[in-house]
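Structure data (compact mmCIF, C-alpha atoms) from entry_21.txt:
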```
# COMPACT_ATOMS: atom_id res chain seq x y z
CA MET J 1 0.00 0.00 0.00
CA GLU J 2 2.81 2.40 0.94
CA GLU J 3 4.63 1.65 -2.31
CA ALA J 4 1.48 2.39 -4.33
CA THR J 5 1.05 5.68 -2.45
CA GLN J 6 4.62 6.69 -3.27
CA ILE J 7 4.07 5.90 -6.95
CA VAL J 8 0.94 8.08 -7.03
CA ARG J 9 2.78 10.92 -5.30
CA LYS J 10 5.59 10.73 -7.84
CA MET J 11 3.05 10.84 -10.67
CA TYR J 12 1.40 13.95 -9.24
CA ALA J 13 4.81 15.55 -8.63
CA ALA J 14 5.89 14.85 -12.22
CA SER J 15 2.61 16.25 -13.55
CA GLY J 16 3.00 19.35 -11.42
CA ARG J 17 6.58 19.90 -12.55
CA ALA J 18 5.60 19.60 -16.21
CA ARG J 19 2.86 22.21 -15.73
CA ILE J 20 5.22 24.56 -13.88
CA GLU J 21 7.90 24.22 -16.55
CA ALA J 22 5.37 25.02 -19.29
CA GLN J 23 4.52 28.46 -17.87
CA GLU J 24 5.81 31.66 -19.38
CA ILE J 25 6.74 33.94 -16.51
CA PRO J 26 6.57 37.70 -17.32
CA LEU J 27 9.98 38.68 -15.96
CA ASP J 28 10.59 41.31 -18.65
CA ARG J 29 7.57 43.26 -17.44
CA ILE J 30 9.06 43.39 -13.97
CA ASP J 31 12.37 44.62 -15.41
CA LYS J 32 10.61 47.41 -17.29
CA ALA J 33 8.52 48.49 -14.32
CA PHE J 34 11.51 48.84 -12.00
CA ALA J 35 13.54 50.55 -14.74
CA VAL J 36 10.80 53.19 -14.91
CA ALA J 37 10.47 53.30 -11.11
CA GLU J 38 14.10 54.31 -10.66
CA ASN J 39 13.44 57.81 -12.03
CA GLU J 40 9.87 58.42 -10.82
CA THR J 41 8.66 60.45 -7.85
CA ASP J 42 7.82 58.57 -4.65
CA ARG J 43 4.09 58.97 -5.37
CA SER J 44 4.45 57.59 -8.90
CA VAL J 45 6.66 54.71 -7.75
CA ALA J 46 4.12 53.57 -5.16
CA ILE J 47 1.28 53.66 -7.70
CA LEU J 48 3.36 51.99 -10.43
CA ILE J 49 4.58 49.09 -8.29
CA PHE J 50 1.17 48.21 -6.92
CA ALA J 51 -0.32 48.48 -10.42
CA LEU J 52 2.26 45.89 -11.47
CA ALA J 53 1.22 43.64 -8.57
CA GLU J 54 -2.45 44.00 -9.53
CA ASP J 55 -1.72 43.13 -13.16
CA LEU J 56 0.27 40.05 -12.15
CA MET J 57 -2.44 38.83 -9.79
CA SER J 58 -5.07 39.24 -12.50
CA GLU J 59 -2.97 37.48 -15.15
CA PHE J 60 -2.19 34.47 -13.00
CA LEU J 61 -5.76 34.19 -11.75
CA LYS J 62 -6.97 34.08 -15.35
CA PHE J 63 -4.28 31.53 -16.17
CA HIS J 64 -5.19 29.16 -13.34
CA LEU J 65 -8.98 29.57 -13.22
CA ASN J 66 -11.56 27.92 -15.48
CA PRO J 67 -12.50 30.31 -18.31
CA LYS J 68 -15.57 28.21 -19.12
CA ALA J 69 -17.15 28.61 -15.70
CA TYR J 70 -20.57 30.30 -15.64
CA GLY J 71 -20.10 34.01 -16.31
CA GLY J 72 -16.41 33.55 -17.10
CA PHE J 73 -13.72 36.02 -16.13
CA ALA J 74 -15.91 39.03 -16.91
CA SER J 75 -18.32 38.29 -14.06
CA ALA J 76 -15.52 37.62 -11.57
CA PHE J 77 -13.61 40.82 -12.39
CA SER J 78 -16.64 43.11 -12.85
CA ASN J 79 -17.53 45.81 -10.32
CA GLN J 80 -19.72 43.38 -8.39
CA GLY J 81 -17.53 40.32 -8.96
CA VAL J 82 -15.65 38.31 -6.37
CA LEU J 83 -12.33 39.53 -7.82
CA ALA J 84 -13.33 43.15 -8.41
CA THR J 85 -10.75 44.82 -6.15
CA ALA J 86 -7.13 44.30 -5.23
CA SER J 87 -8.20 43.43 -1.69
CA ASP J 88 -10.53 40.75 -3.08
CA ARG J 89 -7.75 39.25 -5.19
CA ILE J 90 -5.25 39.14 -2.34
CA ALA J 91 -7.86 37.58 -0.05
CA ILE J 92 -8.88 34.92 -2.58
CA LEU J 93 -5.28 34.01 -3.37
CA GLU J 94 -4.46 33.62 0.32
CA LEU J 95 -7.66 31.65 1.01
CA LEU J 96 -6.79 29.25 -1.82
CA PHE J 97 -3.22 28.77 -0.49
CA TRP J 98 -2.01 30.16 -3.84
CA ILE J 99 0.18 32.74 -2.09
CA ARG J 100 1.89 32.52 1.28
CA LYS J 101 0.56 34.62 4.15
CA GLU J 102 3.84 36.60 4.18
CA THR J 103 3.34 37.53 0.54
CA ALA J 104 -0.28 38.51 1.22
CA GLN J 105 0.77 40.65 4.18
CA ASP J 106 3.37 42.56 2.16
CA LEU J 107 0.96 43.06 -0.74
CA ARG J 108 -1.55 44.62 1.66
CA ILE J 109 1.15 47.00 2.90
CA LEU J 110 2.06 48.00 -0.66
CA LYS J 111 -1.66 48.60 -1.28
CA SER J 112 -1.92 50.77 1.84
CA ILE J 113 1.09 52.83 0.74
CA ARG J 114 -0.39 53.23 -2.76
CA ASN J 115 -3.72 54.33 -1.28
CA LEU J 116 -2.08 56.85 1.03
CA PHE J 117 -0.37 58.54 -1.92
CA ALA J 118 -3.44 58.29 -4.14
CA HIS J 119 -5.91 59.77 -1.66
CA HIS J 120 -3.86 62.34 0.27
CA SER J 121 -2.36 65.18 -1.74
CA GLU J 122 -0.14 66.28 1.14
CA ILE J 123 1.74 62.94 1.19
CA ASN J 124 4.71 63.25 -1.16
CA SER J 125 7.47 61.07 0.26
CA PHE J 126 8.07 57.58 1.62
CA SER J 127 9.27 59.28 4.81
CA ASP J 128 5.82 60.81 5.43
CA ASP J 129 3.11 59.74 7.85
CA LYS J 130 2.72 55.98 8.50
CA ILE J 131 4.90 54.75 5.63
CA PRO J 132 8.20 54.16 7.51
CA SER J 133 6.46 51.98 10.12
CA TRP J 134 4.64 50.05 7.40
CA LEU J 135 7.94 49.43 5.60
CA SER J 136 9.56 48.19 8.80
CA SER J 137 6.74 45.65 9.27
CA MET J 138 7.34 44.07 5.85
CA GLN J 139 9.39 40.90 5.58
CA PRO J 140 13.13 41.34 6.35
CA LEU J 141 15.36 41.38 3.31
CA PHE J 142 18.81 40.23 4.25
CA THR J 143 20.94 38.80 7.04
CA THR J 144 21.00 40.50 10.44
CA THR J 145 24.19 42.38 9.55
CA GLU J 146 22.78 43.67 6.30
CA ASP J 147 19.51 44.66 7.97
CA VAL J 148 21.56 46.96 10.20
CA ILE J 149 23.03 48.51 7.08
CA LEU J 150 19.53 48.76 5.61
CA LYS J 151 18.47 51.03 8.49
CA LYS J 152 20.87 53.66 7.15
CA ARG J 153 19.08 53.76 3.80
CA THR J 154 16.37 56.20 2.81
CA GLU J 155 12.75 55.09 3.01
CA ARG J 156 12.59 55.28 -0.79
CA SER J 157 15.46 52.81 -1.10
CA ILE J 158 13.88 50.50 1.47
CA PHE J 159 10.55 50.67 -0.37
CA LEU J 160 12.18 49.74 -3.67
CA LEU J 161 14.15 46.84 -2.20
CA LYS J 162 11.21 45.43 -0.27
CA SER J 163 8.77 45.88 -3.15
CA ILE J 164 11.19 43.98 -5.43
CA CYS J 165 11.13 41.07 -2.97
CA THR J 166 7.34 41.21 -2.68
CA ILE J 167 6.79 41.21 -6.45
CA PHE J 168 9.14 38.26 -6.92
CA SER J 169 7.55 36.38 -4.02
CA LEU J 170 4.20 36.92 -5.72
CA ILE J 171 5.56 35.64 -9.03
CA TYR J 172 7.09 32.55 -7.42
CA ASP J 173 3.98 31.76 -5.38
CA LEU J 174 1.62 32.09 -8.34
CA SER J 175 3.91 30.08 -10.62
CA VAL J 176 4.17 27.16 -8.20
CA LEU J 177 1.52 27.01 -5.46
CA PRO J 178 -1.70 26.86 -7.51
CA ILE J 179 -0.31 23.93 -9.49
CA THR J 180 1.13 21.98 -6.58
CA PHE J 181 -2.10 22.59 -4.64
CA GLN J 182 -4.16 21.24 -7.54
CA GLU J 183 -1.81 18.27 -7.93
CA LYS J 184 -1.95 17.61 -4.17
CA THR J 185 1.80 17.60 -3.86
CA ASP J 186 4.43 19.51 -1.89
CA PRO J 187 6.38 22.11 -3.93
CA TYR J 188 9.64 20.33 -3.10
CA GLN J 189 8.29 17.13 -4.65
CA SER J 190 7.70 18.90 -7.95
CA LEU J 191 10.64 21.30 -7.91
CA GLY J 192 13.35 19.51 -5.95
CA LYS J 193 15.29 20.94 -3.02
CA GLU J 194 18.58 21.78 -4.75
CA TRP J 195 19.25 24.68 -7.11
CA ASN J 196 20.24 22.44 -10.03
CA GLU J 197 16.97 20.52 -9.66
CA LEU J 198 14.76 23.57 -10.19
CA PRO J 199 13.05 24.09 -13.57
CA ASP J 200 14.75 26.73 -15.71
CA ASN J 201 11.90 29.22 -15.42
CA ILE J 202 11.92 29.00 -11.60
CA GLN J 203 15.70 29.46 -11.54
CA ALA J 204 15.14 32.52 -13.73
CA ILE J 205 12.84 34.06 -11.10
CA PHE J 206 15.52 33.90 -8.41
CA THR J 207 18.31 34.96 -10.77
CA ARG J 208 16.38 37.99 -12.00
CA GLN J 209 15.41 38.97 -8.46
CA ALA J 210 19.04 38.82 -7.34
CA GLY J 211 20.12 40.96 -10.29
CA ILE J 212 17.53 43.68 -9.71
CA LEU J 213 18.18 43.72 -5.96
CA ALA J 214 21.93 44.03 -6.55
CA TYR J 215 21.35 46.97 -8.87
CA PHE J 216 19.08 48.86 -6.49
CA ARG J 217 21.28 48.17 -3.47
CA LYS J 218 24.02 50.20 -5.21
CA LEU J 219 21.84 53.29 -5.54
```
Can I see the file as structure tokens?
Amino acid sequence: MEEATQIVRKMYAASGRARIEAQEIPLDRIDKAFAVAENETDRSVAILIFALAEDLMSEFLKFHLNPKAYGGFASAFSNQGVLATASDRIAILELLFWIRKETAQDLRILKSIRNLFAHHSEINSFSDDKIPSWLSSMQPLFTTTEDVILKKRTERSIFLLKSICTIFSLIYDLSVLPITFQEKTDPYQSLGKEWNELPDNIQAIFTRQAGILAYFRKL
């Protein structure tokens, strides 16, 4: 019985890996967004980055959901639909276990920062109002030593570095977790635990994240 169970698990893991490998991951769009963000005002950066997150959530939801369901995507994303707002999309993704709670938490903070800029004309900088405390409550970026160095950075720099990590966490989660959840398998079973075992497109996520982080850490 145990042997049969292991065979079934390997079949699901292989199926999940094949589906993960077949995905096209929009890394170039992330490159372009952060290239634009480098030279934008704080207000524009906050709006741009969360717009990118919203677009990515919508794209992956449409990729993983059934387009032939009653009402289709239009009903889900309409003003009265279950996926009408960014808050709805984050909530659904977390409820489905399609993103980790840490990713959901950081997305909600990015949304709060975007909303603060969008709805309050007097807020012009990442150092204003509640933003520094929100940034400090996002997931830590580096080792303890480097986090000490991070405290010497401007809030704008911290926002850019942490938003890069959040966007790439979102991309990883949505590339892997919906499929492994559907295949009833652990991500490690489909992806492997070692770097050289990862599918090329998943390696590309981490490689691109490291490159963009390295660039912005120099600024």
Discussion item. What's around Asp173 (chain J) at 7 Å? Count only C-alpha atoms, leave out sequence neighbours fewer than 4 positions away in its own chain, and write the answer as a PyMOL selection string.
Written reply: chain J and resi 98-99+169+177
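Interatomic distance, CA of Val36 (chain J) against CA of Leu160 (chain J): 11.8 Å.
Surrounding region 108-123 of chain J within 7 Å are J:Arg43, J:Ala46, J:Ile47, J:Phe50, J:Ile131, J:Trp134, with only C-alpha atoms counted and residues fewer than 6 positions along the same chain left out.
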Discussion item. Need the shell around region 165-168 of chain J: protein/DNA/RNA residues with any atom at most 10 Å away, counting all atoms listed in the file. Skip same-chain ones fewer than 6 positions apart. Format as a count of residues only?
Written reply: 27
Worksheet item: At what distance in Å, to one decimal, does CA of Leu170 (chain J) lie from CA of Asp55 (chain J)?
Response: 11.4 Å
Return the padded bounding box of region 103-114 of chain J as lines of an AutoDock Vina configuration file: axis-aligned, built from all atoms listed in the file, 3 Å added on each side, with centre and edge lengths in Å to one decimal.
```
center_x = 0.7
center_y = 45.4
center_z = 0.7
size_x = 11.3
size_y = 21.7
size_z = 12.9
```
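Across the structure, CA of Tyr172 (chain J) and CA of Ile202 (chain J) are spaced 7.3 Å apart.
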Worksheet item: Which residue out of J:Ile164, J:Leu65, J:Val176, J:Met57 has the minimum interatomic distance to Gln189 (chain J) when all atoms listed in the file are used?
Response: J:Val176
Worksheet entry | Selected residue, from J:Thr154, J:Ser163, J:Gln80, J:Gln203, that lies nearest to Ala33 (chain J) when counting only C-alpha atoms |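 Closest to Ala33 (chain J), using only C-alpha atoms: J:Ser163.
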Fill in: Counting all atoms listed in the file, the option among J:Asp42, J:Gly192, J:Ala86, J:Leu161 closest to Ser127 (chain J)
J:Asp42
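When the distance limit is 12 Å and all atoms listed in the file are what count, the residues near Leu83 (chain J), minus those fewer than 5 positions from it on the same chain, are Glu54, Met57, Ser58, Leu61, Lys62, Leu65, Gly72, Phe73, Ala74, Ser75, Ala76, Phe77, Ser78, Asp88, Arg89, Ile90, Ala91, Ile92 and Leu93 of chain J.
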Worksheet item: Can you find the residues with an atom no farther than 12 Å from (16.4, 53.2, -2.3), counting only C-alpha atoms, and report them as a ChimeraX atom specification?
Response: /J:34,37-42,45,126-127,150-164,213-219
